[in-house]
Amino acid sequence: MAIEGSTSEARQSRIRLGMVGGGSGAFIGAVHRIAARLDDHYELVAGALSSTPEKSVASGRELGLEPARCYGSFKDMAIREAKLKNGIEAVAIVTPNHVHYEAAKEFLKRGIHVICDKPLTSTLGDARKLKKVADESDALFVLTHNYTGYPMVRQARQMVRDGVIGPVRLVQMEYPQDWLTENIEQTGQKQAAWRTDPARSGAGGSTGDIGTHAYNLGCFVSGLELAELSADLDSFVPGRQLDDNAHVMMRFAEKDGVRAKGMLWCSQVAPGHENGLKVRVYGTKGGLEWVQADPNYLWYTPFGEPKRLITRAGAGSGADAARVSRVPSGHPEGYLEGFANIYSEAARAIYAKRKAAKVDPAVLYPTVDDGLKGMVFVDACVQSSKRNGAWVKV
C-alpha cells in the first residue's frame, strides 16, 4: 500500500501550478484543484480562471492567488509566467473543449507542462495539430482520463496483461447518465449549455463527453487497439444539436491470435442512471467486471468456477493497484482519489524532468496519443452514423 504523503517525491518542493478556466461555479475546476493537492505535490500560484479579466481576478482572489498572477487571458499568463524566476512549471486546462488546443499550445511551446481535461480538443484537426506541438515540446502533456487512476482499474489491466483471463475476445463498455433527459441547456444551465453547443463541444455530444471515457477505459484495461466501428447516434431531445445517446459496435485489431469485438453504449438521457460507467472484459479463460459506482471492487470469474471478489488493497490485489492506493482495505477510495492518482503520476514524471532523470516505468498516465485516439473515435462515430451505421476504419 502506497501512502502518498510519505513518499520522497512529496518532500520535494511543490510543483508550481497554474490553471486555465475553472473559476467560480465551475465543477471540474474544483475537482482538479482537489486532485492536485490531495497528495501534496502541487501549489496553485496563478490562473486565467475565466474568459473576462474581471471574473478571473475575482475567482483568483477567492482562491487566495496574488492579484498580479490572476490573468485576463491564457496567452498573457503563458508569456509572463514563462519569464518569471518562480513561474509556473505546469498548467491545468479545464475549459470547454474548443479552448484546449490554443491554450495548450501557448504553454507547451514555452516548456510548461500541460495537464488537460478531456476530450483532447473539439475537432480532430486540432487534435492532430496539438499532438504535433506536444511531440515537439520538451514539456509533458497529460490528459485527465481520470478513471484510469482507480486502483482496481489498474488491477484489471494487470490481470489482462498477465494473461489471467487469456486472450481477450470481448469488451463491453457503457456510460449512461440521465442529466440531459430534458432540454436544460435552454434554461441557461452552464454545464449543459456548452456541452450541447457544437461550437464549444465539437462534433460529439455524449460521445465526446462520456463516450471517450468509456472507450479509453475499455482500451486501457484490455490493451486492445480499435480497427473499425459502426455507430448509431441520436439526439433524442428536440432541438438538441449534438448526440445524447450512442450505440457503437467495435472490431479490434488482432492480438494474441484473436480479433476481439466490443460494444459501447453512452447516454445522457437514460433516467435512473447518475454516472453509470462500467467495463467488462472477457477472455478465453475468464472475465472481469468493474463498476465505477462501486470502485473498490473487481469481479473476476475464471471459466467454469464461481465469481471471485477482489478488493482494493485486499487479498488477490496486485502491485499495480497497491502503488496507487492510500489506505487499508475496507476504507473506500473513490472519484477524487482516482483523479488525484493521475495528478500524482504526472508529478512523478515532472520530478524526474526536474532532475533530467528517466521516469519510473511504473508511472502511468494518459498522454496526447490517448487524446488523439479519443478524437478519432468521436469522428468515426459521427461519420458512421451519418452513413446509417456503416463500418468506418480508424
# chains A, B, ... in the order shown; residues from 1 in each chain; ligands from 1
>>> closest_atom_pairs(of="segment 310-391 of chain A", to="segment 252-269 of chain A", cutoff="12 Å", atoms="only C-alpha atoms", output="Markdown table")
| residue | atom | partner | partner_atom | distance |
| --- | --- | --- | --- | --- |
| A:Phe377 | CA | A:Leu264 | CA | 11.4 |
| A:Val378 | CA | A:Cys266 | CA | 12.0 |
| A:Cys381 | CA | A:Leu264 | CA | 11.0 |
>>> residues_around(residues="His32 of chain A", least_positions_apart="4", cutoff="12 Å", atoms="only C-alpha atoms", output="MDAnalysis selection string")
chainID A and resid 17:23 26:28 36:38 42:44 91:95 115:117 143:146 335:344
>>> residues_around(residues="Asp178 of chain A", least_positions_apart="5", cutoff="7 Å", atoms="only C-alpha atoms", output="MDAnalysis selection string")
chainID A and resid 268:274
>>> select_by_dssp(residues="segment 269-306 of chain A", states="strand (DSSP E or B)", output="JSON, numbers by chain")
{"A": [278, 279, 280, 281, 282, 283, 286, 287, 288, 289, 290, 291, 297, 298, 299, 300, 301, 302]}
>>> write_last_selection(atoms="all heavy atoms", output="short mmCIF file (atom, residue, chain, number, x, y, z; two decimals), in the first residue's frame")
data_model
loop_
_atom_site.label_atom_id
_atom_site.label_comp_id
_atom_site.auth_asym_id
_atom_site.auth_seq_id
_atom_site.Cartn_x
_atom_site.Cartn_y
_atom_site.Cartn_z
N LYS A 278 -19.13 1.55 -16.59
CA LYS A 278 -18.87 0.13 -16.33
C LYS A 278 -18.03 -0.43 -17.47
O LYS A 278 -18.20 -0.06 -18.62
CB LYS A 278 -20.18 -0.64 -16.23
CG LYS A 278 -20.05 -2.14 -16.01
CD LYS A 278 -21.40 -2.85 -16.13
CE LYS A 278 -22.37 -2.43 -15.05
NZ LYS A 278 -23.64 -3.22 -15.11
N VAL A 279 -17.13 -1.37 -17.14
CA VAL A 279 -16.38 -2.06 -18.16
C VAL A 279 -16.32 -3.55 -17.82
O VAL A 279 -16.16 -3.93 -16.67
CB VAL A 279 -14.95 -1.48 -18.31
CG1 VAL A 279 -14.13 -1.65 -17.04
CG2 VAL A 279 -14.21 -2.10 -19.50
N ARG A 280 -16.50 -4.37 -18.86
CA ARG A 280 -16.42 -5.83 -18.71
C ARG A 280 -15.51 -6.36 -19.83
O ARG A 280 -15.67 -5.98 -20.99
CB ARG A 280 -17.80 -6.46 -18.81
CG ARG A 280 -18.68 -6.21 -17.59
CD ARG A 280 -20.12 -6.57 -17.84
NE ARG A 280 -20.75 -5.61 -18.74
CZ ARG A 280 -22.05 -5.64 -19.08
NH1 ARG A 280 -22.82 -6.59 -18.60
NH2 ARG A 280 -22.55 -4.74 -19.89
N VAL A 281 -14.59 -7.23 -19.44
CA VAL A 281 -13.63 -7.79 -20.40
C VAL A 281 -13.66 -9.31 -20.27
O VAL A 281 -13.53 -9.84 -19.16
CB VAL A 281 -12.20 -7.26 -20.14
CG1 VAL A 281 -11.24 -7.82 -21.18
CG2 VAL A 281 -12.18 -5.73 -20.18
N TYR A 282 -13.82 -9.99 -21.40
CA TYR A 282 -13.94 -11.45 -21.39
C TYR A 282 -12.86 -12.07 -22.28
O TYR A 282 -12.71 -11.70 -23.46
CB TYR A 282 -15.32 -11.87 -21.90
CG TYR A 282 -16.46 -11.29 -21.11
CD1 TYR A 282 -17.16 -10.18 -21.58
CD2 TYR A 282 -16.83 -11.84 -19.89
CE1 TYR A 282 -18.21 -9.62 -20.86
CE2 TYR A 282 -17.88 -11.29 -19.15
CZ TYR A 282 -18.57 -10.18 -19.65
OH TYR A 282 -19.60 -9.63 -18.92
N GLY A 283 -12.11 -13.02 -21.70
CA GLY A 283 -11.08 -13.72 -22.44
C GLY A 283 -11.41 -15.19 -22.57
O GLY A 283 -12.49 -15.64 -22.19
N GLY A 286 -11.56 -16.51 -18.75
CA GLY A 286 -12.31 -15.87 -17.67
C GLY A 286 -12.74 -14.47 -18.03
O GLY A 286 -12.50 -13.97 -19.14
N GLY A 287 -13.39 -13.81 -17.07
CA GLY A 287 -13.90 -12.47 -17.30
C GLY A 287 -13.68 -11.56 -16.10
O GLY A 287 -13.49 -12.02 -14.97
N LEU A 288 -13.71 -10.25 -16.36
CA LEU A 288 -13.54 -9.22 -15.34
C LEU A 288 -14.66 -8.19 -15.48
O LEU A 288 -15.10 -7.89 -16.59
CB LEU A 288 -12.20 -8.51 -15.49
CG LEU A 288 -10.93 -9.35 -15.34
CD1 LEU A 288 -9.71 -8.57 -15.82
CD2 LEU A 288 -10.76 -9.81 -13.89
N GLU A 289 -15.10 -7.64 -14.35
CA GLU A 289 -16.11 -6.59 -14.38
C GLU A 289 -15.80 -5.55 -13.31
O GLU A 289 -15.56 -5.89 -12.14
CB GLU A 289 -17.51 -7.17 -14.12
CG GLU A 289 -18.60 -6.12 -14.14
CD GLU A 289 -20.00 -6.71 -13.98
OE1 GLU A 289 -20.12 -7.95 -13.90
OE2 GLU A 289 -20.97 -5.93 -13.93
N TRP A 290 -15.80 -4.27 -13.73
CA TRP A 290 -15.57 -3.15 -12.80
C TRP A 290 -16.65 -2.11 -13.02
O TRP A 290 -16.97 -1.75 -14.16
CB TRP A 290 -14.20 -2.54 -13.03
CG TRP A 290 -13.90 -1.38 -12.11
CD1 TRP A 290 -13.46 -1.46 -10.83
CD2 TRP A 290 -14.02 0.02 -12.41
NE1 TRP A 290 -13.30 -0.19 -10.30
CE2 TRP A 290 -13.62 0.73 -11.25
CE3 TRP A 290 -14.40 0.74 -13.54
CZ2 TRP A 290 -13.63 2.13 -11.20
CZ3 TRP A 290 -14.40 2.12 -13.49
CH2 TRP A 290 -14.02 2.81 -12.33
N VAL A 291 -17.21 -1.61 -11.91
CA VAL A 291 -18.29 -0.63 -11.93
C VAL A 291 -17.84 0.60 -11.14
O VAL A 291 -17.47 0.48 -9.97
CB VAL A 291 -19.59 -1.21 -11.32
CG1 VAL A 291 -20.70 -0.17 -11.35
CG2 VAL A 291 -20.00 -2.47 -12.06
N TYR A 297 -14.03 -2.57 -5.77
CA TYR A 297 -14.23 -4.00 -6.02
C TYR A 297 -14.03 -4.34 -7.50
O TYR A 297 -14.45 -3.58 -8.38
CB TYR A 297 -15.63 -4.44 -5.58
CG TYR A 297 -15.92 -4.14 -4.14
CD1 TYR A 297 -16.87 -3.19 -3.77
CD2 TYR A 297 -15.23 -4.80 -3.12
CE1 TYR A 297 -17.12 -2.90 -2.44
CE2 TYR A 297 -15.48 -4.52 -1.79
CZ TYR A 297 -16.43 -3.58 -1.45
OH TYR A 297 -16.67 -3.30 -0.14
N LEU A 298 -13.43 -5.48 -7.74
CA LEU A 298 -13.29 -6.03 -9.08
C LEU A 298 -13.77 -7.47 -9.06
O LEU A 298 -13.29 -8.27 -8.25
CB LEU A 298 -11.82 -5.96 -9.53
CG LEU A 298 -11.50 -6.61 -10.89
CD1 LEU A 298 -12.14 -5.81 -12.02
CD2 LEU A 298 -9.99 -6.71 -11.09
N TRP A 299 -14.73 -7.77 -9.93
CA TRP A 299 -15.22 -9.15 -10.03
C TRP A 299 -14.42 -9.92 -11.07
O TRP A 299 -14.24 -9.46 -12.20
CB TRP A 299 -16.70 -9.17 -10.41
CG TRP A 299 -17.61 -8.78 -9.28
CD1 TRP A 299 -18.22 -7.58 -9.08
CD2 TRP A 299 -17.99 -9.61 -8.17
NE1 TRP A 299 -18.96 -7.60 -7.93
CE2 TRP A 299 -18.84 -8.84 -7.35
CE3 TRP A 299 -17.69 -10.93 -7.80
CZ2 TRP A 299 -19.40 -9.34 -6.18
CZ3 TRP A 299 -18.26 -11.43 -6.64
CH2 TRP A 299 -19.09 -10.64 -5.84
N TYR A 300 -13.93 -11.08 -10.66
CA TYR A 300 -13.15 -11.96 -11.54
C TYR A 300 -13.82 -13.32 -11.57
O TYR A 300 -14.07 -13.92 -10.52
CB TYR A 300 -11.72 -12.07 -11.02
CG TYR A 300 -10.92 -13.23 -11.56
CD1 TYR A 300 -10.87 -13.50 -12.93
CD2 TYR A 300 -10.21 -14.06 -10.69
CE1 TYR A 300 -10.13 -14.57 -13.42
CE2 TYR A 300 -9.46 -15.13 -11.17
CZ TYR A 300 -9.43 -15.38 -12.54
OH TYR A 300 -8.70 -16.44 -13.02
N THR A 301 -14.10 -13.81 -12.77
CA THR A 301 -14.74 -15.11 -12.92
C THR A 301 -13.89 -16.02 -13.80
O THR A 301 -13.88 -15.87 -15.03
CB THR A 301 -16.15 -14.99 -13.54
OG1 THR A 301 -16.93 -14.04 -12.81
CG2 THR A 301 -16.85 -16.34 -13.54
N PRO A 302 -13.16 -16.96 -13.20
CA PRO A 302 -12.49 -17.98 -14.03
C PRO A 302 -13.55 -18.85 -14.68
O PRO A 302 -14.56 -19.18 -14.06
CB PRO A 302 -11.67 -18.77 -13.01
CG PRO A 302 -11.70 -17.98 -11.74
CD PRO A 302 -12.95 -17.18 -11.77
#
>>> residues_around(residues="segment 227-232 of chain A", least_positions_apart="3", cutoff="9 Å", atoms="only C-alpha atoms", output="PyMOL selection string")
chain A and resi 245-254+377+380-386+388-394
>>> closest_residue(among="A:Asn216, A:Asn86, A:Ser56, A:Gln186", to="Thr367 of chain A", atoms="only C-alpha atoms")
A:Asn216
>>> residues_around(residues="Leu130 of chain A", least_positions_apart="2", cutoff="12 Å", atoms="only C-alpha atoms", output="MDAnalysis selection string")
chainID A and resid 99:109 114 116 120:128 132:137 141 367:369 371:372 375
>>> residues_around(residues="Val160 of chain A", least_positions_apart="2", cutoff="9 Å", atoms="only C-alpha atoms", output="PyMOL selection string")
chain A and resi 155-158+162-168+221-223+281+283+288
>>> residues_around(residues="segment 61-65 of chain A", least_positions_apart="5", cutoff="7 Å", atoms="only C-alpha atoms", output="PyMOL selection string")
chain A and resi 45-46+70
>>> write_last_selection(atoms="C-alpha atoms", output="PDB file, in the first residue's frame")
ATOM      1  CA  VAL A  45       0.034  30.049  -7.797  1.00  0.00           C
ATOM      2  CA  ALA A  46      -1.504  31.557 -10.940  1.00  0.00           C
ATOM      3  CA  CYS A  70      -4.606  36.478 -11.987  1.00  0.00           C
TER       4      CYS A  70
END
>>> closest_residue(among="A:Pro328, A:Gly276, A:Pro96, A:Pro366", to="Glu345 of chain A", atoms="only C-alpha atoms")
A:Pro366
>>> closest_residue(among="A:Tyr175, A:Leu277, A:Ser24, A:Ile34", to="Leu49 of chain A", atoms="only C-alpha atoms")
A:Ser24
>>> closest_residue(among="A:Thr212, A:Ser51, A:Gln177, A:Gln241", to="Thr196 of chain A", atoms="only C-alpha atoms")
A:Gln241
>>> closest_residue(among="A:Met173, A:Leu217, A:Ala30, A:Val327", to="Ala313 of chain A", atoms="only C-alpha atoms")
A:Val327
>>> closest_residue(among="A:Ala319, A:Asp138, A:Gly218, A:Thr207", to="Asp379 of chain A", atoms="only C-alpha atoms")
A:Thr207
>>> select_by_dssp(residues="segment 173-380 of chain A", states="alpha helix (DSSP H)", output="PyMOL selection string")
chain A and resi 190-195+198-201+206+212-222+319-322+335-354+368-380
>>> atom_distance(atom1="atom CA of Ala192 of chain A", atom2="atom CA of Pro295 of chain A")
26.4 Å
>>> decode(residues="segment 136-152 of chain A", atoms="all heavy atoms", output="mmCIF file, in the first residue's frame")
data_model
loop_
_atom_site.group_PDB
_atom_site.id
_atom_site.type_symbol
_atom_site.label_atom_id
_atom_site.label_comp_id
_atom_site.auth_asym_id
_atom_site.auth_seq_id
_atom_site.Cartn_x
_atom_site.Cartn_y
_atom_site.Cartn_z
ATOM 1 N N GLU A 136 6.807 17.943 -30.236
ATOM 2 C CA GLU A 136 7.968 18.815 -30.463
ATOM 3 C C GLU A 136 8.399 19.554 -29.204
ATOM 4 O O GLU A 136 9.477 20.152 -29.174
ATOM 5 C CB GLU A 136 7.647 19.820 -31.573
ATOM 6 C CG GLU A 136 7.478 19.174 -32.944
ATOM 7 C CD GLU A 136 7.013 20.150 -34.009
ATOM 8 O OE1 GLU A 136 6.654 21.300 -33.643
ATOM 9 O OE2 GLU A 136 6.998 19.776 -35.196
ATOM 10 N N SER A 137 7.574 19.525 -28.165
ATOM 11 C CA SER A 137 7.890 20.232 -26.919
ATOM 12 C C SER A 137 8.660 19.317 -25.968
ATOM 13 O O SER A 137 8.461 18.097 -25.960
ATOM 14 C CB SER A 137 6.605 20.702 -26.243
ATOM 15 O OG SER A 137 6.866 21.250 -24.961
ATOM 16 N N ASP A 138 9.493 19.917 -25.151
ATOM 17 C CA ASP A 138 10.183 19.156 -24.117
ATOM 18 C C ASP A 138 9.307 18.992 -22.884
ATOM 19 O O ASP A 138 9.660 18.264 -21.962
ATOM 20 C CB ASP A 138 11.492 19.875 -23.730
ATOM 21 C CG ASP A 138 12.361 19.022 -22.809
ATOM 22 O OD1 ASP A 138 12.576 17.840 -23.143
ATOM 23 O OD2 ASP A 138 12.792 19.534 -21.753
ATOM 24 N N ALA A 139 8.163 19.663 -22.880
ATOM 25 C CA ALA A 139 7.251 19.593 -21.741
ATOM 26 C C ALA A 139 6.353 18.366 -21.844
ATOM 27 O O ALA A 139 6.109 17.831 -22.927
ATOM 28 C CB ALA A 139 6.396 20.859 -21.673
ATOM 29 N N LEU A 140 5.846 17.925 -20.712
ATOM 30 C CA LEU A 140 4.929 16.791 -20.658
ATOM 31 C C LEU A 140 3.514 17.214 -21.014
ATOM 32 O O LEU A 140 3.107 18.344 -20.740
ATOM 33 C CB LEU A 140 4.918 16.190 -19.255
ATOM 34 C CG LEU A 140 6.236 15.654 -18.706
ATOM 35 C CD1 LEU A 140 6.073 15.298 -17.241
ATOM 36 C CD2 LEU A 140 6.699 14.447 -19.508
ATOM 37 N N PHE A 141 2.767 16.305 -21.618
ATOM 38 C CA PHE A 141 1.342 16.522 -21.838
ATOM 39 C C PHE A 141 0.596 15.360 -21.195
ATOM 40 O O PHE A 141 0.819 14.200 -21.538
ATOM 41 C CB PHE A 141 0.990 16.597 -23.324
ATOM 42 C CG PHE A 141 -0.454 16.958 -23.564
ATOM 43 C CD1 PHE A 141 -0.821 18.269 -23.801
ATOM 44 C CD2 PHE A 141 -1.452 15.984 -23.512
ATOM 45 C CE1 PHE A 141 -2.155 18.620 -23.998
ATOM 46 C CE2 PHE A 141 -2.781 16.317 -23.696
ATOM 47 C CZ PHE A 141 -3.135 17.637 -23.941
ATOM 48 N N VAL A 142 -0.284 15.690 -20.244
ATOM 49 C CA VAL A 142 -1.051 14.691 -19.501
ATOM 50 C C VAL A 142 -2.532 14.960 -19.730
ATOM 51 O O VAL A 142 -2.991 16.097 -19.589
ATOM 52 C CB VAL A 142 -0.731 14.761 -17.997
ATOM 53 C CG1 VAL A 142 -1.545 13.728 -17.223
ATOM 54 C CG2 VAL A 142 0.758 14.576 -17.755
ATOM 55 N N LEU A 143 -3.277 13.938 -20.097
ATOM 56 C CA LEU A 143 -4.715 14.061 -20.306
ATOM 57 C C LEU A 143 -5.441 13.401 -19.139
ATOM 58 O O LEU A 143 -5.114 12.278 -18.764
ATOM 59 C CB LEU A 143 -5.108 13.379 -21.619
ATOM 60 C CG LEU A 143 -6.510 13.668 -22.145
ATOM 61 C CD1 LEU A 143 -6.619 15.106 -22.639
ATOM 62 C CD2 LEU A 143 -6.856 12.702 -23.274
ATOM 63 N N THR A 144 -6.422 14.089 -18.574
ATOM 64 C CA THR A 144 -7.045 13.552 -17.359
ATOM 65 C C THR A 144 -8.217 12.608 -17.674
ATOM 66 O O THR A 144 -9.375 12.893 -17.352
ATOM 67 C CB THR A 144 -7.501 14.678 -16.406
ATOM 68 O OG1 THR A 144 -8.350 15.600 -17.114
ATOM 69 C CG2 THR A 144 -6.308 15.422 -15.859
ATOM 70 N N HIS A 145 -7.891 11.492 -18.302
ATOM 71 C CA HIS A 145 -8.837 10.369 -18.313
ATOM 72 C C HIS A 145 -8.727 9.737 -16.924
ATOM 73 O O HIS A 145 -8.047 8.726 -16.719
ATOM 74 C CB HIS A 145 -8.480 9.370 -19.414
ATOM 75 C CG HIS A 145 -9.132 9.661 -20.725
ATOM 76 N ND1 HIS A 145 -10.501 9.805 -20.865
ATOM 77 C CD2 HIS A 145 -8.620 9.835 -21.971
ATOM 78 C CE1 HIS A 145 -10.806 10.057 -22.120
ATOM 79 N NE2 HIS A 145 -9.680 10.092 -22.819
ATOM 80 N N ASN A 146 -9.420 10.346 -15.991
ATOM 81 C CA ASN A 146 -9.189 10.084 -14.572
ATOM 82 C C ASN A 146 -9.558 8.677 -14.128
ATOM 83 O O ASN A 146 -9.033 8.167 -13.132
ATOM 84 C CB ASN A 146 -9.971 11.080 -13.719
ATOM 85 C CG ASN A 146 -11.440 11.128 -14.056
ATOM 86 O OD1 ASN A 146 -11.804 11.598 -15.137
ATOM 87 N ND2 ASN A 146 -12.296 10.671 -13.161
ATOM 88 N N TYR A 147 -10.447 7.993 -14.872
ATOM 89 C CA TYR A 147 -10.872 6.667 -14.429
ATOM 90 C C TYR A 147 -9.740 5.638 -14.532
ATOM 91 O O TYR A 147 -9.796 4.601 -13.880
ATOM 92 C CB TYR A 147 -12.104 6.216 -15.213
ATOM 93 C CG TYR A 147 -13.259 7.166 -15.031
ATOM 94 C CD1 TYR A 147 -13.650 8.018 -16.056
ATOM 95 C CD2 TYR A 147 -13.932 7.252 -13.813
ATOM 96 C CE1 TYR A 147 -14.695 8.933 -15.877
ATOM 97 C CE2 TYR A 147 -14.970 8.153 -13.620
ATOM 98 C CZ TYR A 147 -15.346 8.996 -14.659
ATOM 99 O OH TYR A 147 -16.363 9.897 -14.469
ATOM 100 N N THR A 148 -8.732 5.932 -15.319
ATOM 101 C CA THR A 148 -7.570 5.033 -15.374
ATOM 102 C C THR A 148 -6.733 5.119 -14.106
ATOM 103 O O THR A 148 -5.795 4.328 -13.929
ATOM 104 C CB THR A 148 -6.676 5.359 -16.583
ATOM 105 O OG1 THR A 148 -6.128 6.667 -16.435
ATOM 106 C CG2 THR A 148 -7.468 5.287 -17.881
ATOM 107 N N GLY A 149 -7.056 6.053 -13.213
ATOM 108 C CA GLY A 149 -6.321 6.186 -11.959
ATOM 109 C C GLY A 149 -6.855 5.324 -10.830
ATOM 110 O O GLY A 149 -6.208 5.201 -9.778
ATOM 111 N N TYR A 150 -8.022 4.708 -11.004
ATOM 112 C CA TYR A 150 -8.583 3.871 -9.946
ATOM 113 C C TYR A 150 -7.716 2.625 -9.733
ATOM 114 O O TYR A 150 -7.317 1.959 -10.700
ATOM 115 C CB TYR A 150 -9.989 3.417 -10.313
ATOM 116 C CG TYR A 150 -11.085 4.417 -10.050
ATOM 117 C CD1 TYR A 150 -11.596 5.207 -11.074
ATOM 118 C CD2 TYR A 150 -11.634 4.541 -8.776
ATOM 119 C CE1 TYR A 150 -12.620 6.110 -10.843
ATOM 120 C CE2 TYR A 150 -12.667 5.437 -8.537
ATOM 121 C CZ TYR A 150 -13.161 6.221 -9.566
ATOM 122 O OH TYR A 150 -14.175 7.107 -9.330
ATOM 123 N N PRO A 151 -7.442 2.276 -8.471
ATOM 124 C CA PRO A 151 -6.626 1.089 -8.200
ATOM 125 C C PRO A 151 -7.155 -0.191 -8.832
ATOM 126 O O PRO A 151 -6.386 -0.988 -9.387
ATOM 127 C CB PRO A 151 -6.627 0.996 -6.672
ATOM 128 C CG PRO A 151 -6.785 2.404 -6.217
ATOM 129 C CD PRO A 151 -7.712 3.034 -7.221
ATOM 130 N N MET A 152 -8.475 -0.428 -8.787
ATOM 131 C CA MET A 152 -8.985 -1.691 -9.303
ATOM 132 C C MET A 152 -9.074 -1.707 -10.826
ATOM 133 O O MET A 152 -9.145 -2.786 -11.433
ATOM 134 C CB MET A 152 -10.337 -2.032 -8.670
ATOM 135 C CG MET A 152 -10.258 -2.186 -7.142
ATOM 136 S SD MET A 152 -8.807 -3.133 -6.570
ATOM 137 C CE MET A 152 -9.263 -4.791 -7.033
#
